[in-house]
Every structure is written in structure tokens, then in C-alpha cells.
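The structure file data29.pdb is reproduced below (PDB, C-alpha atoms).
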MODEL        1
ATOM      1  CA  ALA A  25      16.371  17.898  -7.053  1.00  0.00           C
ATOM      2  CA  GLY A  26      15.376  14.254  -6.625  1.00  0.00           C
ATOM      3  CA  THR A  27      12.036  15.301  -5.176  1.00  0.00           C
ATOM      4  CA  VAL A  28      11.365  17.455  -8.242  1.00  0.00           C
ATOM      5  CA  ALA A  29      12.062  14.449 -10.487  1.00  0.00           C
ATOM      6  CA  VAL A  30       9.688  12.211  -8.524  1.00  0.00           C
ATOM      7  CA  MET A  31       6.904  14.808  -8.566  1.00  0.00           C
ATOM      8  CA  GLU A  32       7.280  15.557 -12.268  1.00  0.00           C
ATOM      9  CA  LEU A  33       7.412  11.869 -13.177  1.00  0.00           C
ATOM     10  CA  ALA A  34       4.338  11.157 -11.032  1.00  0.00           C
ATOM     11  CA  LYS A  35       2.493  13.957 -12.814  1.00  0.00           C
ATOM     12  CA  HIS A  36       3.548  12.618 -16.212  1.00  0.00           C
ATOM     13  CA  PHE A  37       2.603   9.003 -15.557  1.00  0.00           C
ATOM     14  CA  ALA A  38      -0.693   9.951 -13.889  1.00  0.00           C
ATOM     15  CA  THR A  39      -1.873  11.531 -17.138  1.00  0.00           C
ATOM     16  CA  ARG A  40      -0.690   8.937 -19.651  1.00  0.00           C
ATOM     17  CA  GLY A  41      -3.011   6.040 -18.830  1.00  0.00           C
ATOM     18  CA  SER A  42      -2.192   2.619 -17.522  1.00  0.00           C
ATOM     19  CA  ASN A  43       0.994   0.589 -17.517  1.00  0.00           C
ATOM     20  CA  LYS A  44       1.550  -3.158 -17.399  1.00  0.00           C
ATOM     21  CA  ARG A  45       3.004  -2.775 -13.902  1.00  0.00           C
ATOM     22  CA  SER A  46       1.849  -0.553 -11.059  1.00  0.00           C
ATOM     23  CA  MET A  47       4.074   2.309 -10.021  1.00  0.00           C
ATOM     24  CA  LEU A  48       4.576   3.869  -6.599  1.00  0.00           C
ATOM     25  CA  PHE A  49       5.969   7.387  -6.318  1.00  0.00           C
ATOM     26  CA  ILE A  50       7.424   7.813  -2.843  1.00  0.00           C
ATOM     27  CA  LEU A  51       9.244  10.694  -1.182  1.00  0.00           C
ATOM     28  CA  PHE A  52      11.533   9.701   1.683  1.00  0.00           C
ATOM     29  CA  SER A  53      12.671  11.531   4.773  1.00  0.00           C
ATOM     30  CA  ALA A  54      15.554  10.936   7.185  1.00  0.00           C
ATOM     31  CA  GLU A  55      18.061   9.594   4.671  1.00  0.00           C
ATOM     32  CA  GLU A  56      20.849  11.282   6.574  1.00  0.00           C
ATOM     33  CA  MET A  57      19.572   9.668   9.765  1.00  0.00           C
ATOM     34  CA  GLY A  58      20.282   6.103   8.664  1.00  0.00           C
ATOM     35  CA  LEU A  59      17.848   5.821   5.726  1.00  0.00           C
ATOM     36  CA  SER A  60      15.000   5.762   8.263  1.00  0.00           C
ATOM     37  CA  GLY A  61      12.165   6.764   5.927  1.00  0.00           C
ATOM     38  CA  ALA A  62      13.136   4.277   3.228  1.00  0.00           C
ATOM     39  CA  LYS A  63      13.696   1.490   5.756  1.00  0.00           C
ATOM     40  CA  HIS A  64      10.217   2.075   7.172  1.00  0.00           C
ATOM     41  CA  ILE A  65       8.355   1.989   3.858  1.00  0.00           C
ATOM     42  CA  ALA A  66      10.409  -0.915   2.467  1.00  0.00           C
ATOM     43  CA  ALA A  67       9.633  -3.005   5.563  1.00  0.00           C
ATOM     44  CA  ARG A  68       5.959  -2.036   5.384  1.00  0.00           C
ATOM     45  CA  LEU A  69       5.696  -2.969   1.706  1.00  0.00           C
ATOM     46  CA  LYS A  70       7.498  -6.264   2.377  1.00  0.00           C
ATOM     47  CA  LYS A  71       5.033  -7.032   5.180  1.00  0.00           C
ATOM     48  CA  GLU A  72       2.183  -6.273   2.756  1.00  0.00           C
ATOM     49  CA  GLU A  73       3.796  -8.791   0.387  1.00  0.00           C
ATOM     50  CA  ILE A  74       3.906  -6.550  -2.658  1.00  0.00           C
ATOM     51  CA  ASP A  75       5.570  -8.085  -5.683  1.00  0.00           C
ATOM     52  CA  LEU A  76       8.332  -5.528  -6.205  1.00  0.00           C
ATOM     53  CA  TYR A  77      10.080  -5.829  -9.560  1.00  0.00           C
ATOM     54  CA  THR A  78      12.530  -2.954  -9.251  1.00  0.00           C
ATOM     55  CA  MET A  79      13.026   0.412  -7.554  1.00  0.00           C
ATOM     56  CA  ILE A  80      14.477   3.549  -9.129  1.00  0.00           C
ATOM     57  CA  ASN A  81      15.578   6.372  -6.844  1.00  0.00           C
ATOM     58  CA  PHE A  82      16.533   9.916  -7.896  1.00  0.00           C
ATOM     59  CA  GLU A  83      19.091  11.898  -5.945  1.00  0.00           C
ATOM     60  CA  MET A  84      21.423  14.798  -6.607  1.00  0.00           C
ATOM     61  CA  ILE A  85      20.366  15.418 -10.222  1.00  0.00           C
ATOM     62  CA  GLY A  86      20.574  19.217 -10.081  1.00  0.00           C
ATOM     63  CA  VAL A  87      23.776  19.700 -12.055  1.00  0.00           C
ATOM     64  CA  PRO A  88      25.094  18.056 -15.231  1.00  0.00           C
ATOM     65  CA  MET A  89      28.210  15.947 -15.439  1.00  0.00           C
ATOM     66  CA  LYS A  90      30.901  17.034 -17.863  1.00  0.00           C
ATOM     67  CA  GLY A  91      32.876  14.898 -20.271  1.00  0.00           C
ATOM     68  CA  LYS A  92      30.660  11.821 -20.036  1.00  0.00           C
ATOM     69  CA  ASP A  93      28.917   9.929 -22.839  1.00  0.00           C
ATOM     70  CA  TYR A  94      25.842   9.467 -20.625  1.00  0.00           C
ATOM     71  CA  LEU A  95      23.526  11.863 -18.757  1.00  0.00           C
ATOM     72  CA  ALA A  96      23.492  10.237 -15.320  1.00  0.00           C
ATOM     73  CA  TYR A  97      25.062   7.337 -13.505  1.00  0.00           C
ATOM     74  CA  LEU A  98      23.421   4.446 -11.736  1.00  0.00           C
ATOM     75  CA  THR A  99      24.629   3.518  -8.264  1.00  0.00           C
ATOM     76  CA  GLY A 100      25.227  -0.201  -7.919  1.00  0.00           C
ATOM     77  CA  PHE A 101      25.817  -0.300 -11.661  1.00  0.00           C
ATOM     78  CA  GLU A 102      27.456  -3.698 -11.343  1.00  0.00           C
ATOM     79  CA  VAL A 103      24.728  -5.409  -9.253  1.00  0.00           C
ATOM     80  CA  SER A 104      22.158  -5.582 -12.056  1.00  0.00           C
ATOM     81  CA  ASN A 105      21.615  -5.126 -15.753  1.00  0.00           C
ATOM     82  CA  MET A 106      19.351  -2.122 -15.103  1.00  0.00           C
ATOM     83  CA  ALA A 107      21.534   0.435 -16.902  1.00  0.00           C
ATOM     84  CA  ASP A 108      21.796  -1.689 -20.039  1.00  0.00           C
ATOM     85  CA  LYS A 109      18.062  -2.449 -20.170  1.00  0.00           C
ATOM     86  CA  PHE A 110      17.131   1.144 -19.294  1.00  0.00           C
ATOM     87  CA  ASN A 111      19.341   2.485 -22.094  1.00  0.00           C
ATOM     88  CA  GLU A 112      17.892  -0.070 -24.500  1.00  0.00           C
ATOM     89  CA  TYR A 113      14.338   1.016 -23.618  1.00  0.00           C
ATOM     90  CA  ALA A 114      15.290   4.694 -23.952  1.00  0.00           C
ATOM     91  CA  GLY A 115      16.996   4.158 -27.305  1.00  0.00           C
ATOM     92  CA  GLU A 116      20.070   6.067 -26.154  1.00  0.00           C
ATOM     93  CA  LYS A 117      22.748   5.987 -23.464  1.00  0.00           C
ATOM     94  CA  ILE A 118      21.130   7.747 -20.514  1.00  0.00           C
ATOM     95  CA  LEU A 119      22.763   5.811 -17.651  1.00  0.00           C
ATOM     96  CA  GLY A 120      26.428   4.976 -17.202  1.00  0.00           C
ATOM     97  CA  PHE A 121      29.023   3.853 -14.676  1.00  0.00           C
ATOM     98  CA  LEU A 122      30.811   6.265 -12.352  1.00  0.00           C
ATOM     99  CA  PRO A 123      33.776   4.642 -10.539  1.00  0.00           C
ATOM    100  CA  GLN A 124      33.505   7.081  -7.628  1.00  0.00           C
ATOM    101  CA  ALA A 125      29.988   5.769  -6.917  1.00  0.00           C
ATOM    102  CA  SER A 126      31.495   2.395  -6.034  1.00  0.00           C
ATOM    103  CA  GLN A 127      34.465   3.944  -4.256  1.00  0.00           C
ATOM    104  CA  TYR A 128      32.180   5.992  -1.963  1.00  0.00           C
ATOM    105  CA  LYS A 129      29.619   3.166  -1.630  1.00  0.00           C
ATOM    106  CA  LEU A 130      26.779   5.362  -2.885  1.00  0.00           C
ATOM    107  CA  PHE A 131      24.657   2.285  -3.623  1.00  0.00           C
ATOM    108  CA  GLN A 132      24.577   1.500   0.105  1.00  0.00           C
ATOM    109  CA  ARG A 133      24.215   5.130   1.218  1.00  0.00           C
ATOM    110  CA  SER A 134      20.948   6.102  -0.467  1.00  0.00           C
ATOM    111  CA  ASP A 135      17.261   5.246  -0.062  1.00  0.00           C
ATOM    112  CA  ASN A 136      17.399   2.564  -2.762  1.00  0.00           C
ATOM    113  CA  TYR A 137      19.438   0.307  -0.485  1.00  0.00           C
ATOM    114  CA  SER A 138      16.594  -0.420   1.930  1.00  0.00           C
ATOM    115  CA  PHE A 139      14.572  -1.866  -0.955  1.00  0.00           C
ATOM    116  CA  TYR A 140      17.523  -3.905  -2.157  1.00  0.00           C
ATOM    117  CA  GLN A 141      17.925  -5.341   1.344  1.00  0.00           C
ATOM    118  CA  GLU A 142      14.230  -6.108   1.909  1.00  0.00           C
ATOM    119  CA  PHE A 143      13.369  -7.465  -1.537  1.00  0.00           C
ATOM    120  CA  ASN A 144      16.709  -8.493  -3.103  1.00  0.00           C
ATOM    121  CA  VAL A 145      15.714  -6.838  -6.383  1.00  0.00           C
ATOM    122  CA  PRO A 146      17.454  -4.229  -8.524  1.00  0.00           C
ATOM    123  CA  ALA A 147      16.953  -1.046  -6.483  1.00  0.00           C
ATOM    124  CA  GLN A 148      19.277   1.705  -7.628  1.00  0.00           C
ATOM    125  CA  THR A 149      19.766   5.465  -7.692  1.00  0.00           C
ATOM    126  CA  ILE A 150      20.050   7.762 -10.690  1.00  0.00           C
ATOM    127  CA  SER A 151      22.342  10.729  -9.988  1.00  0.00           C
ATOM    128  CA  THR A 152      24.447  13.330 -11.763  1.00  0.00           C
ATOM    129  CA  PHE A 153      26.541  14.599  -8.836  1.00  0.00           C
ATOM    130  CA  ASP A 154      30.038  13.230  -9.499  1.00  0.00           C
ATOM    131  CA  PHE A 155      32.130  14.918  -6.756  1.00  0.00           C
ATOM    132  CA  THR A 156      33.617  17.378  -9.282  1.00  0.00           C
ATOM    133  CA  ASN A 157      30.581  19.282 -10.537  1.00  0.00           C
ATOM    134  CA  TYR A 158      29.008  20.652  -7.359  1.00  0.00           C
ATOM    135  CA  GLU A 159      30.870  22.213  -4.444  1.00  0.00           C
ATOM    136  CA  TYR A 160      27.870  22.348  -2.094  1.00  0.00           C
ATOM    137  CA  TYR A 161      27.356  18.596  -1.483  1.00  0.00           C
ATOM    138  CA  HIS A 162      26.196  18.241   2.136  1.00  0.00           C
ATOM    139  CA  HIS A 163      26.875  21.924   2.665  1.00  0.00           C
ATOM    140  CA  VAL A 164      24.781  24.648   4.272  1.00  0.00           C
ATOM    141  CA  SER A 165      24.931  26.624   0.991  1.00  0.00           C
ATOM    142  CA  ASP A 166      23.224  23.846  -1.035  1.00  0.00           C
ATOM    143  CA  GLU A 167      20.497  26.064  -2.486  1.00  0.00           C
ATOM    144  CA  LEU A 168      18.138  26.164  -5.460  1.00  0.00           C
ATOM    145  CA  GLN A 169      20.045  28.978  -7.168  1.00  0.00           C
ATOM    146  CA  TYR A 170      22.913  26.561  -7.895  1.00  0.00           C
ATOM    147  CA  MET A 171      20.724  24.028  -9.690  1.00  0.00           C
ATOM    148  CA  ASP A 172      20.670  23.825 -13.479  1.00  0.00           C
ATOM    149  CA  MET A 173      16.940  23.735 -14.283  1.00  0.00           C
ATOM    150  CA  GLY A 174      17.481  23.095 -17.992  1.00  0.00           C
ATOM    151  CA  HIS A 175      19.585  20.043 -17.165  1.00  0.00           C
ATOM    152  CA  MET A 176      16.965  18.751 -14.737  1.00  0.00           C
ATOM    153  CA  VAL A 177      14.148  19.142 -17.271  1.00  0.00           C
ATOM    154  CA  ASN A 178      16.231  17.382 -19.927  1.00  0.00           C
ATOM    155  CA  LEU A 179      17.149  14.493 -17.624  1.00  0.00           C
ATOM    156  CA  ILE A 180      13.564  14.004 -16.427  1.00  0.00           C
ATOM    157  CA  GLU A 181      12.297  13.950 -20.018  1.00  0.00           C
ATOM    158  CA  LYS A 182      15.080  11.580 -21.103  1.00  0.00           C
ATOM    159  CA  VAL A 183      14.363   9.009 -18.365  1.00  0.00           C
ATOM    160  CA  ILE A 184      10.671   8.686 -19.274  1.00  0.00           C
ATOM    161  CA  PRO A 185      11.186   6.174 -22.134  1.00  0.00           C
ATOM    162  CA  GLY A 186      13.455   4.068 -19.904  1.00  0.00           C
ATOM    163  CA  ILE A 187      10.880   4.026 -17.121  1.00  0.00           C
ATOM    164  CA  MET A 188       8.153   3.186 -19.630  1.00  0.00           C
ATOM    165  CA  GLY A 189      10.227   0.219 -20.777  1.00  0.00           C
ATOM    166  CA  VAL A 190      10.659  -0.977 -17.209  1.00  0.00           C
ATOM    167  CA  THR A 191       6.943  -0.720 -16.462  1.00  0.00           C
ATOM    168  CA  ASN A 192       5.706  -2.184 -19.741  1.00  0.00           C
ATOM    169  CA  SER A 193       8.177  -4.895 -20.773  1.00  0.00           C
ATOM    170  CA  ALA A 194       6.496  -8.233 -21.468  1.00  0.00           C
ATOM    171  CA  VAL A 195       8.708 -10.042 -18.949  1.00  0.00           C
ATOM    172  CA  ARG A 196      10.927  -8.986 -16.070  1.00  0.00           C
ATOM    173  CA  GLU A 197      14.112  -8.287 -17.959  1.00  0.00           C
ATOM    174  CA  ILE A 198      15.983  -6.367 -15.257  1.00  0.00           C
ATOM    175  CA  LYS A 199      17.849  -8.872 -13.140  1.00  0.00           C
ATOM    176  CA  MET A 200      20.418  -8.982 -10.377  1.00  0.00           C
ATOM    177  CA  THR A 201      23.950  -9.955 -11.390  1.00  0.00           C
ATOM    178  CA  ALA A 202      26.458  -9.980  -8.542  1.00  0.00           C
ATOM    179  CA  GLU A 203      27.390  -7.440  -5.916  1.00  0.00           C
TER     180      GLU A 203
ENDMDL
END
Exercise: express the given structure as C-alpha cells:
Amino acid sequence: AGTVAVMELAKHFATRGSNKRSMLFILFSAEEMGLSGAKHIAARLKKEEIDLYTMINFEMIGVPMKGKDYLAYLTGFEVSNMADKFNEYAGEKILGFLPQASQYKLFQRSDNYSFYQEFNVPAQTISTFDFTNYEYYHHVSDELQYMDMGHMVNLIEKVIPGIMGVTNSAVREIKMTAE
């Protein structure tokens, strides 16, 4: 589901013209093998001395959360002001806090973390899997037929204004707080 989001967002932003900041759309492999793909590209980009402002990762967005006043949660919610700024740019509450994300250390367990470690910038994951809404997490039966396509389309469309705000703000407004 995260790959679909990245591909659709890349397609969208490729056709809309330029942004104030450059954007990279990257698909990672080997997350379950120690974040190997993300570690490799983060180290390579650091060596190339890119000026990374922030990194937004998409993972496990195939099913909606229930009973929340936001569409998705942001891992590492407390380490930056990304959710607040993102919601401000979007003009609505898209991203929220999920306590289980901290409890299960999801910030450290996804591809965003390699970028956080290399660059010490807000690098976080947008997700909707909340441990209650999908029984096939890390399961052999995790298949396309269990994804909610309408939810995915809605979420992808709803994050576009937030991403546009991140890429076009006059100054770097998204900042680290404390971990």
C-alpha cells in the first residue's frame, strides 16, 4: 500500500510543475532485513551532501482506522512538529498521534529511521494500521483483496496539500523537538 502511495504521489507531482524544494520518490527494499535498503540510500545521499529538509514515508495505509478524528498517524509524532505543520498546510486534521506507535517503537522500525539517523531531520512514517484494524499484519495472507482502495485513494488525495506545504513553504518550518 505504501508503494502505491509513493507511485501515485510521484505521478501527481511530476505533472504539476515545479516546487520550491526538490522531491525524491524512493521505493525501499529489505525493510524486514534491518532497514537495509533505506540505510543504503540514506548513507549514499549523506555522502553526496544533499540538503535534506525532511522525509515522509508511507507504510501500511491499506485500511482505515476507526473512531479517530484524523485519517492517519505519524510515527515519531513527538520528535517533531511535522503533524501540526502538515495539518496546517492541509487545512484539516490529516495526521494524529497513535499511542501504540510509540509503544511498539514504530518510528525506529520503519525506513524513515535511517534518514533520521543520518541527517537528524524530521523523517517520519504515515500509516493507518493501528493493530486493531487489520488481522494480516506480517502474515502470509496479507493480500490485495483485503485493502480498502477507496480509503487509499482518499488518503493519497488528502496528503497532497500537506506535502505541497512542506515543499513550498517560504522557510523550513518543520523542526525537531525532542525524542
Excluding Asp154 of chain A and residues on its chain fewer than 2 positions from it, collect all residues at most 9 Å away from it, counting only C-alpha atoms, and give them as number ranges by chain.
A: 88-89, 97, 122, 124-125, 151-152, 156-158
Please produce a file of the residues just selected, as a compact mmCIF listing (two decimals), in the coordinates of the input, where the atoms kept are C-alpha atoms.
# COMPACT_ATOMS: atom_id res chain seq x y z
CA PRO A 88 25.09 18.06 -15.23
CA MET A 89 28.21 15.95 -15.44
CA TYR A 97 25.06 7.34 -13.50
CA LEU A 122 30.81 6.26 -12.35
CA GLN A 124 33.51 7.08 -7.63
CA ALA A 125 29.99 5.77 -6.92
CA SER A 151 22.34 10.73 -9.99
CA THR A 152 24.45 13.33 -11.76
CA THR A 156 33.62 17.38 -9.28
CA ASN A 157 30.58 19.28 -10.54
CA TYR A 158 29.01 20.65 -7.36
Spatial neighbours of Glu181 of chain A, 10 Å, only C-alpha atoms, chain gap at least 3 places, as a PyMOL selection string:
chain A and resi 29+32-33+36+175-178+184-186
Serialized selection, C-alpha atoms, as an mmCIF file, in the frame of the given file:
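Contents of part.cif, freshly written:
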data_model
loop_
_atom_site.group_PDB
_atom_site.id
_atom_site.type_symbol
_atom_site.label_atom_id
_atom_site.label_comp_id
_atom_site.auth_asym_id
_atom_site.auth_seq_id
_atom_site.Cartn_x
_atom_site.Cartn_y
_atom_site.Cartn_z
ATOM 1 C CA ALA A 29 12.062 14.449 -10.487
ATOM 2 C CA GLU A 32 7.280 15.557 -12.268
ATOM 3 C CA LEU A 33 7.412 11.869 -13.177
ATOM 4 C CA HIS A 36 3.548 12.618 -16.212
ATOM 5 C CA HIS A 175 19.585 20.043 -17.165
ATOM 6 C CA MET A 176 16.965 18.751 -14.737
ATOM 7 C CA VAL A 177 14.148 19.142 -17.271
ATOM 8 C CA ASN A 178 16.231 17.382 -19.927
ATOM 9 C CA ILE A 184 10.671 8.686 -19.274
ATOM 10 C CA PRO A 185 11.186 6.174 -22.134
ATOM 11 C CA GLY A 186 13.455 4.068 -19.904
#
When the PyMOL selection byres ((chain A and resi 51) around 12) is applied to the structure above, which residues does it catch, written out as number ranges by chain?
A: 25-31, 34, 48-50, 52-55, 61-62, 65, 80-83, 135-136
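Minimum distance to Gln141 of chain A across A:Met188, A:Leu168, A:Ala66, A:Leu98 (counting only C-alpha atoms) occurs at A:Ala66.
For the file at hand, the PyMOL selection byres ((chain A and resi 107) around 9) resolves to Tyr97, Leu98, Phe101, Ser104, Asn105, Met106, Asp108, Lys109, Phe110, Asn111, Glu112, Lys117, Ile118, Leu119, Gly120, Phe121 and Ile198 of chain A.
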One-decimal distance in Å that lies between atom CA of Lys92 of chain A and atom CA of Gln148 of chain A
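It comes out at 19.6 Å.
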The distance between atom CA of Ala114 of chain A and atom CA of Glu102 of chain A is 19.4 Å
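Taking atom CA of Gln132 of chain A and atom CA of His64 of chain A as the two end points, the separation is 16.0 Å.
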All residues 10 Å or closer to Phe143 of chain A, only C-alpha atoms, same chain fewer than 6 positions away omitted, as a PDB file with C-alpha atoms, in the coordinates of the input:
ATOM      1  CA  ALA A  66      10.409  -0.915   2.467  1.00  0.00           C
ATOM      2  CA  ALA A  67       9.633  -3.005   5.563  1.00  0.00           C
ATOM      3  CA  LEU A  69       5.696  -2.969   1.706  1.00  0.00           C
ATOM      4  CA  LYS A  70       7.498  -6.264   2.377  1.00  0.00           C
ATOM      5  CA  GLU A  73       3.796  -8.791   0.387  1.00  0.00           C
ATOM      6  CA  ILE A  74       3.906  -6.550  -2.658  1.00  0.00           C
ATOM      7  CA  ASP A  75       5.570  -8.085  -5.683  1.00  0.00           C
ATOM      8  CA  LEU A  76       8.332  -5.528  -6.205  1.00  0.00           C
ATOM      9  CA  TYR A  77      10.080  -5.829  -9.560  1.00  0.00           C
ATOM     10  CA  THR A  78      12.530  -2.954  -9.251  1.00  0.00           C
ATOM     11  CA  MET A  79      13.026   0.412  -7.554  1.00  0.00           C
ATOM     12  CA  TYR A 137      19.438   0.307  -0.485  1.00  0.00           C
TER      13      TYR A 137
END
